[in-house]
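File shown: entry_27.txt. Contents: compact mmCIF, C-alpha atoms.
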```
# COMPACT_ATOMS: atom_id res chain seq x y z
CA MET A 361 89.04 131.98 139.73
CA SER A 362 90.78 131.82 136.35
CA ASP A 363 90.62 134.45 133.62
CA ILE A 364 88.05 133.87 130.86
CA ILE A 365 89.51 136.72 128.76
CA LYS A 366 93.14 137.82 128.64
CA ILE A 367 94.30 140.71 126.46
CA GLU A 368 97.96 141.53 125.97
CA ASN A 369 99.32 144.71 124.37
CA LEU A 370 96.30 144.96 122.01
CA THR A 371 96.38 147.57 119.27
CA TYR A 372 93.88 148.19 116.49
CA SER A 373 93.45 150.92 113.88
CA TYR A 374 90.67 151.91 111.52
CA VAL A 375 91.30 153.38 108.09
CA THR A 376 89.61 156.78 107.74
CA GLU A 377 87.89 158.07 104.60
CA ASP A 378 91.04 159.92 103.58
CA GLY A 379 93.06 156.70 103.80
CA LYS A 380 94.84 157.44 107.07
CA ASN A 381 95.07 155.11 110.07
CA SER A 382 93.18 156.12 113.19
CA LEU A 383 94.32 154.34 116.35
CA ALA A 384 91.26 152.88 118.13
CA LEU A 385 93.04 150.72 120.73
CA ASP A 386 96.40 151.74 122.11
CA HIS A 387 98.33 148.87 123.76
CA ILE A 388 95.55 147.50 125.95
CA ASP A 389 96.34 145.00 128.70
CA LEU A 390 93.32 143.48 130.42
CA SER A 391 92.22 140.29 132.18
CA VAL A 392 88.60 139.43 132.94
CA GLU A 393 88.06 136.95 135.76
CA GLU A 394 85.51 134.22 135.14
CA GLY A 395 82.24 134.85 136.97
CA SER A 396 82.86 138.58 137.37
CA PHE A 397 80.75 141.56 136.24
CA VAL A 398 82.89 144.15 134.46
CA ALA A 399 81.51 147.47 133.21
CA ILE A 400 83.34 149.58 130.63
CA LEU A 401 82.53 153.27 130.44
CA GLY A 402 83.59 155.91 127.92
CA HIS A 403 82.49 158.44 125.33
CA ASN A 404 81.76 157.50 121.73
CA GLY A 405 85.11 157.01 120.04
CA SER A 406 86.87 155.98 123.25
CA GLY A 407 87.48 152.46 121.91
CA LYS A 408 85.10 150.53 124.15
CA SER A 409 83.02 148.97 121.35
CA THR A 410 86.16 148.11 119.39
CA LEU A 411 87.51 146.39 122.50
CA ALA A 412 84.24 144.46 122.91
CA LYS A 413 84.38 143.17 119.33
CA HIS A 414 87.84 141.74 119.99
CA MET A 415 86.47 139.65 122.85
CA ASN A 416 84.74 137.15 120.57
CA ALA A 417 86.85 137.61 117.45
CA ILE A 418 84.51 139.85 115.47
CA LEU A 419 87.68 141.91 115.13
CA LEU A 420 91.19 140.45 115.24
CA PRO A 421 94.24 142.16 116.76
CA GLU A 422 96.42 144.36 114.60
CA GLY A 423 99.04 143.99 117.30
CA GLY A 424 99.13 142.04 120.53
CA LYS A 425 97.01 139.04 121.52
CA VAL A 426 93.52 138.22 122.77
CA TYR A 427 92.87 134.89 124.50
CA VAL A 428 89.43 133.45 125.32
CA ALA A 429 89.54 130.53 127.75
CA GLY A 430 93.17 130.13 126.69
CA MET A 431 92.35 130.14 122.96
CA ASP A 432 94.09 132.61 120.66
CA THR A 433 91.45 134.58 118.70
CA SER A 434 93.89 134.92 115.80
CA ASP A 435 93.70 131.16 115.20
CA GLU A 436 90.93 130.78 112.58
CA SER A 437 90.42 127.12 113.47
CA LEU A 438 89.24 128.19 116.94
CA ILE A 439 86.75 130.92 115.96
CA ILE A 440 83.61 128.76 116.31
CA GLU A 441 84.65 127.46 119.72
CA ILE A 442 85.58 130.99 120.87
CA ARG A 443 82.12 132.23 119.90
CA ARG A 444 80.56 129.36 121.84
CA GLN A 445 82.36 130.68 124.91
CA ILE A 446 81.68 134.41 124.40
CA GLY A 447 78.24 135.63 123.32
CA MET A 448 77.63 139.16 122.00
CA VAL A 449 74.56 141.37 122.44
CA PHE A 450 74.39 144.65 120.50
CA GLN A 451 72.57 147.99 120.75
CA ASN A 452 69.64 147.30 118.47
CA PRO A 453 67.76 144.07 119.29
CA ASP A 454 65.92 144.23 115.96
CA ASN A 455 69.22 143.50 114.23
CA GLN A 456 69.48 140.20 116.12
CA MET A 457 65.94 138.98 115.44
CA VAL A 458 65.81 136.26 112.77
CA ALA A 459 62.39 134.59 113.24
CA ASN A 460 58.72 135.53 113.47
CA VAL A 461 58.10 133.70 116.75
CA VAL A 462 60.04 134.30 119.97
CA GLU A 463 60.89 130.66 120.72
CA GLU A 464 62.05 130.09 117.13
CA ASP A 465 64.31 133.12 117.40
CA VAL A 466 65.88 131.84 120.62
CA ALA A 467 66.35 128.39 119.03
CA PHE A 468 68.29 129.78 116.06
CA GLY A 469 71.72 129.75 117.76
CA PRO A 470 71.53 126.22 119.20
CA GLU A 471 70.24 124.91 115.86
CA ASN A 472 73.30 126.32 114.13
CA LEU A 473 75.51 124.62 116.71
CA GLY A 474 73.99 121.27 115.70
CA ILE A 475 72.28 120.64 119.03
CA GLU A 476 69.69 117.85 118.86
CA PRO A 477 65.98 118.97 118.92
CA GLY A 478 65.10 117.73 122.41
CA GLU A 479 68.05 119.57 123.92
CA ILE A 480 67.18 122.73 121.94
CA ARG A 481 63.63 122.66 123.35
CA GLN A 482 65.02 122.50 126.89
CA ARG A 483 67.59 125.22 126.26
CA VAL A 484 65.00 127.57 124.75
CA ASP A 485 62.60 127.12 127.67
CA ASP A 486 65.39 127.52 130.23
CA ALA A 487 66.76 130.66 128.53
CA LEU A 488 63.35 132.32 128.29
CA LYS A 489 62.66 131.58 131.95
CA GLN A 490 66.03 133.04 132.95
CA VAL A 491 65.22 136.37 131.27
CA GLY A 492 61.60 136.40 132.44
CA MET A 493 60.11 136.00 128.95
CA PHE A 494 58.79 132.41 128.95
CA GLU A 495 55.14 133.52 128.77
CA PHE A 496 55.93 135.36 125.52
CA ARG A 497 57.44 132.32 123.80
CA THR A 498 54.72 132.13 121.09
CA HIS A 499 54.53 135.90 120.51
CA ALA A 500 55.84 137.79 117.48
CA PRO A 501 59.07 139.61 118.46
CA HIS A 502 58.17 142.78 116.53
CA LEU A 503 55.14 143.30 118.81
CA LEU A 504 57.25 143.41 121.98
CA SER A 505 58.68 146.46 123.72
CA GLY A 506 62.33 147.44 123.25
CA GLY A 507 63.30 146.05 126.66
CA GLN A 508 61.48 142.79 125.97
CA LYS A 509 63.18 142.45 122.57
CA GLN A 510 66.58 142.93 124.16
CA ARG A 511 65.79 140.26 126.75
CA ILE A 512 64.85 137.92 123.89
CA ALA A 513 68.19 138.71 122.23
CA ILE A 514 69.94 137.85 125.50
CA ALA A 515 67.94 134.61 125.73
CA GLY A 516 69.13 133.69 122.22
CA ILE A 517 72.71 134.05 123.41
CA ILE A 518 72.38 132.15 126.69
CA ALA A 519 70.58 129.29 124.90
CA MET A 520 74.01 128.59 123.38
CA ARG A 521 75.37 128.21 126.95
CA PRO A 522 78.28 130.69 126.78
CA ARG A 523 80.58 131.22 129.74
CA CYS A 524 80.63 134.97 129.12
CA ILE A 525 78.28 137.56 127.60
CA VAL A 526 79.61 140.84 126.20
CA LEU A 527 76.90 143.48 125.87
CA ASP A 528 77.73 146.49 123.69
CA GLU A 529 75.51 149.34 124.92
CA PRO A 530 72.44 147.08 125.11
CA THR A 531 70.27 149.81 126.67
CA ALA A 532 71.26 152.69 124.38
CA MET A 533 67.99 152.56 122.41
CA LEU A 534 65.69 151.82 125.36
CA ASP A 535 63.51 153.94 127.62
CA PRO A 536 64.17 153.96 131.40
CA VAL A 537 61.79 151.04 132.02
CA GLY A 538 63.44 148.95 129.30
CA ARG A 539 66.90 149.81 130.61
CA GLU A 540 65.94 148.66 134.09
CA GLU A 541 64.53 145.38 132.74
CA VAL A 542 67.72 144.57 130.84
CA ILE A 543 70.15 145.55 133.62
CA ARG A 544 68.17 143.52 136.16
CA THR A 545 68.24 140.55 133.79
CA ILE A 546 71.99 140.58 133.19
CA HIS A 547 72.74 141.00 136.90
CA GLY A 548 70.57 137.95 137.54
CA LEU A 549 72.48 135.92 134.95
CA ASN A 550 75.74 136.89 136.59
CA ARG A 551 74.76 136.36 140.22
CA GLN A 552 72.49 133.33 139.90
CA ASN A 553 74.04 131.51 136.94
CA GLY A 554 77.69 132.53 137.27
CA ILE A 555 77.88 133.88 133.72
CA THR A 556 80.70 136.37 133.24
CA VAL A 557 79.34 139.74 132.08
CA VAL A 558 81.18 142.52 130.26
CA LEU A 559 78.86 145.53 129.95
CA ILE A 560 79.76 148.39 127.61
CA THR A 561 77.73 151.48 128.49
CA HIS A 562 77.60 155.24 128.72
CA HIS A 563 74.99 155.25 131.51
CA MET A 564 76.75 155.87 134.84
CA LYS A 565 73.95 154.30 136.88
CA GLU A 566 74.35 150.94 135.09
CA THR A 567 77.91 150.57 136.37
CA ILE A 568 77.28 151.10 140.09
CA ASP A 569 76.74 147.43 140.97
CA ALA A 570 79.54 146.03 138.81
CA ASP A 571 82.44 144.20 140.44
CA ARG A 572 84.86 146.27 138.40
CA LEU A 573 84.67 149.45 136.34
CA LEU A 574 87.00 150.42 133.49
CA VAL A 575 87.04 153.91 132.00
CA MET A 576 88.34 154.35 128.46
CA LYS A 577 89.57 157.44 126.64
CA ASP A 578 91.31 157.66 123.25
CA GLY A 579 91.79 153.90 123.02
CA ARG A 580 93.35 153.49 126.44
CA ILE A 581 92.15 152.38 129.87
CA VAL A 582 92.50 155.44 132.12
CA ALA A 583 90.82 154.07 135.25
CA ASP A 584 90.31 150.55 136.59
CA GLY A 585 88.85 149.55 139.93
CA ALA A 586 85.69 149.03 141.94
CA PRO A 587 83.00 151.59 140.96
CA CYS A 588 83.21 153.27 144.36
CA GLU A 589 86.96 153.77 143.87
CA VAL A 590 86.69 155.04 140.28
CA PHE A 591 83.85 157.48 141.00
CA ARG A 592 85.69 159.00 143.96
CA ASN A 593 87.88 160.77 141.42
CA VAL A 594 85.10 163.18 140.43
CA ARG A 595 87.45 165.89 139.22
CA GLY A 596 89.50 163.50 137.10
CA LEU A 597 86.40 162.09 135.41
CA LYS A 598 85.03 165.55 134.73
CA GLU A 599 88.37 166.55 133.17
CA ILE A 600 87.94 163.84 130.52
CA GLY A 601 84.33 164.85 129.90
CA LEU A 602 82.55 162.17 131.92
CA ASP A 603 79.87 162.65 134.53
CA VAL A 604 79.46 160.71 137.75
CA PRO A 605 76.30 159.13 139.21
CA GLU A 606 73.79 161.66 140.56
CA THR A 607 74.40 160.46 144.11
CA THR A 608 78.14 161.04 143.78
CA GLU A 609 77.56 164.48 142.24
CA LEU A 610 75.26 165.43 145.13
CA ILE A 611 77.79 164.38 147.75
CA TYR A 612 80.60 166.08 145.81
CA GLN A 613 78.70 169.38 145.78
CA LEU A 614 77.77 169.08 149.47
CA ASN A 615 81.39 168.44 150.38
CA LYS A 616 82.38 171.60 148.52
CA GLU A 617 80.04 173.42 150.93
CA GLY A 618 81.83 172.01 153.96
CA PHE A 619 80.25 168.62 154.55
CA ASN A 620 82.38 165.51 155.01
CA LEU A 621 80.40 162.80 153.22
CA PRO A 622 81.80 159.57 151.72
CA LEU A 623 82.06 159.73 147.93
CA GLU A 624 81.80 155.95 147.76
CA ALA A 625 78.10 156.12 148.75
CA LEU A 626 76.83 155.34 145.22
CA THR A 627 73.30 154.00 145.61
CA VAL A 628 70.35 156.16 146.62
CA GLU A 629 70.07 154.21 149.88
CA GLU A 630 73.76 154.63 150.72
CA CYS A 631 73.64 158.32 149.85
CA SER A 632 70.53 159.00 151.92
CA ARG A 633 71.96 157.14 154.94
CA ALA A 634 75.21 159.12 154.72
CA ILE A 635 73.40 162.46 154.56
CA TYR A 636 71.02 161.46 157.36
CA ALA A 637 73.95 160.44 159.58
CA VAL A 638 75.57 163.86 159.14
CA LEU A 639 72.39 165.87 159.60
CA SER A 640 71.27 163.92 162.67
```
Starting from the file, give its structure as structure tokens.
Amino acid sequence: MSDIIKIENLTYSYVTEDGKNSLALDHIDLSVEEGSFVAILGHNGSGKSTLAKHMNAILLPEGGKVYVAGMDTSDESLIIEIRRQIGMVFQNPDNQMVANVVEEDVAFGPENLGIEPGEIRQRVDDALKQVGMFEFRTHAPHLLSGGQKQRIAIAGIIAMRPRCIVLDEPTAMLDPVGREEVIRTIHGLNRQNGITVVLITHHMKETIDADRLLVMKDGRIVADGAPCEVFRNVRGLKEIGLDVPETTELIYQLNKEGFNLPLEALTVEECSRAIYAVLS
């Protein structure tokens, strides 16, 4: 598979209130393979949201390069095409709602791309079915739950047929039920439709089933690998102020008491099987 996103030596700084430069991204090198599911984990201020905004040219590099499907994001003539390829979903779904009816909201993006009406109708229906919200197509968005609103926001993006969706903490404002709805939806888009997913989050559990997990700290990538590999380094993650999934923490504590359990058992099922095998 080819890379849908390629980042080379990316740097970016913000200007603080006192006029000084604060380095947000510190020489980042990163490639995202098309069709993959990549999760990015880190505290507030680690640079993960700044990195996400470079992936569809909301922000442009101060230094280095970002390429989307081979297109240089610094080339202004390519911005529209880049944003066709990479869709963005943000924390607050209310900020992405532009219409009073769900299907009209989902149609907004394709309309702005100049898609003809018959094709828009098909895209809207397909997108709503993919996120499990087709039956709500004539509802008012403001009457929906937080998780349903976020799924509508995702539908609005996929109606534009992007190759990749970047989600910047899409579950941060949701309750556990809403979080589960959204995570299940984006995994379905990745596995069933082949859409590349980049998920920015601070919820450990949301990263477990990713193909690849990046950990960021102070504008740099400090860990990169499969989730089971990254979470094995419990001590290292704790040293930078990050937790690990509850299953990993349980096994870590049991191993400190003399057990010999695999730290890569991340899901509840894997964890329970590992403990059962030792106890039996």
Which of A:His547, A:Ile581, A:Arg592, A:Lys509 sits closest to A:Ser396 [using only C-alpha atoms]: A:His547
Nearest-residue call for A:Glu630, choices A:Ser505, A:Pro522, A:Ile568, A:Val604, using only C-alpha atoms: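 Using only C-alpha atoms, the shortest distance to A:Glu630 belongs to A:Ile568.
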For the atom pair atom CA of A:Leu370 and atom CA of A:Gly424, what is the interatomic distance in Å to one decimal place? 4.3 Å
Which is closer to A:Phe397 than all the others in A:Ile600, A:Ala459, A:Ile418, A:Leu573, using all atoms listed in the file?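 That would be A:Leu573, the residue with the smallest distance to A:Phe397.
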Figure out the distance between atom CA of A:Asn472 and atom CA of A:Gln510, please, to one decimal in Å. 20.5 Å
Atom pair atom CA of A:Ile543 / atom CA of A:Arg523: separation (Å): 18.1 Å
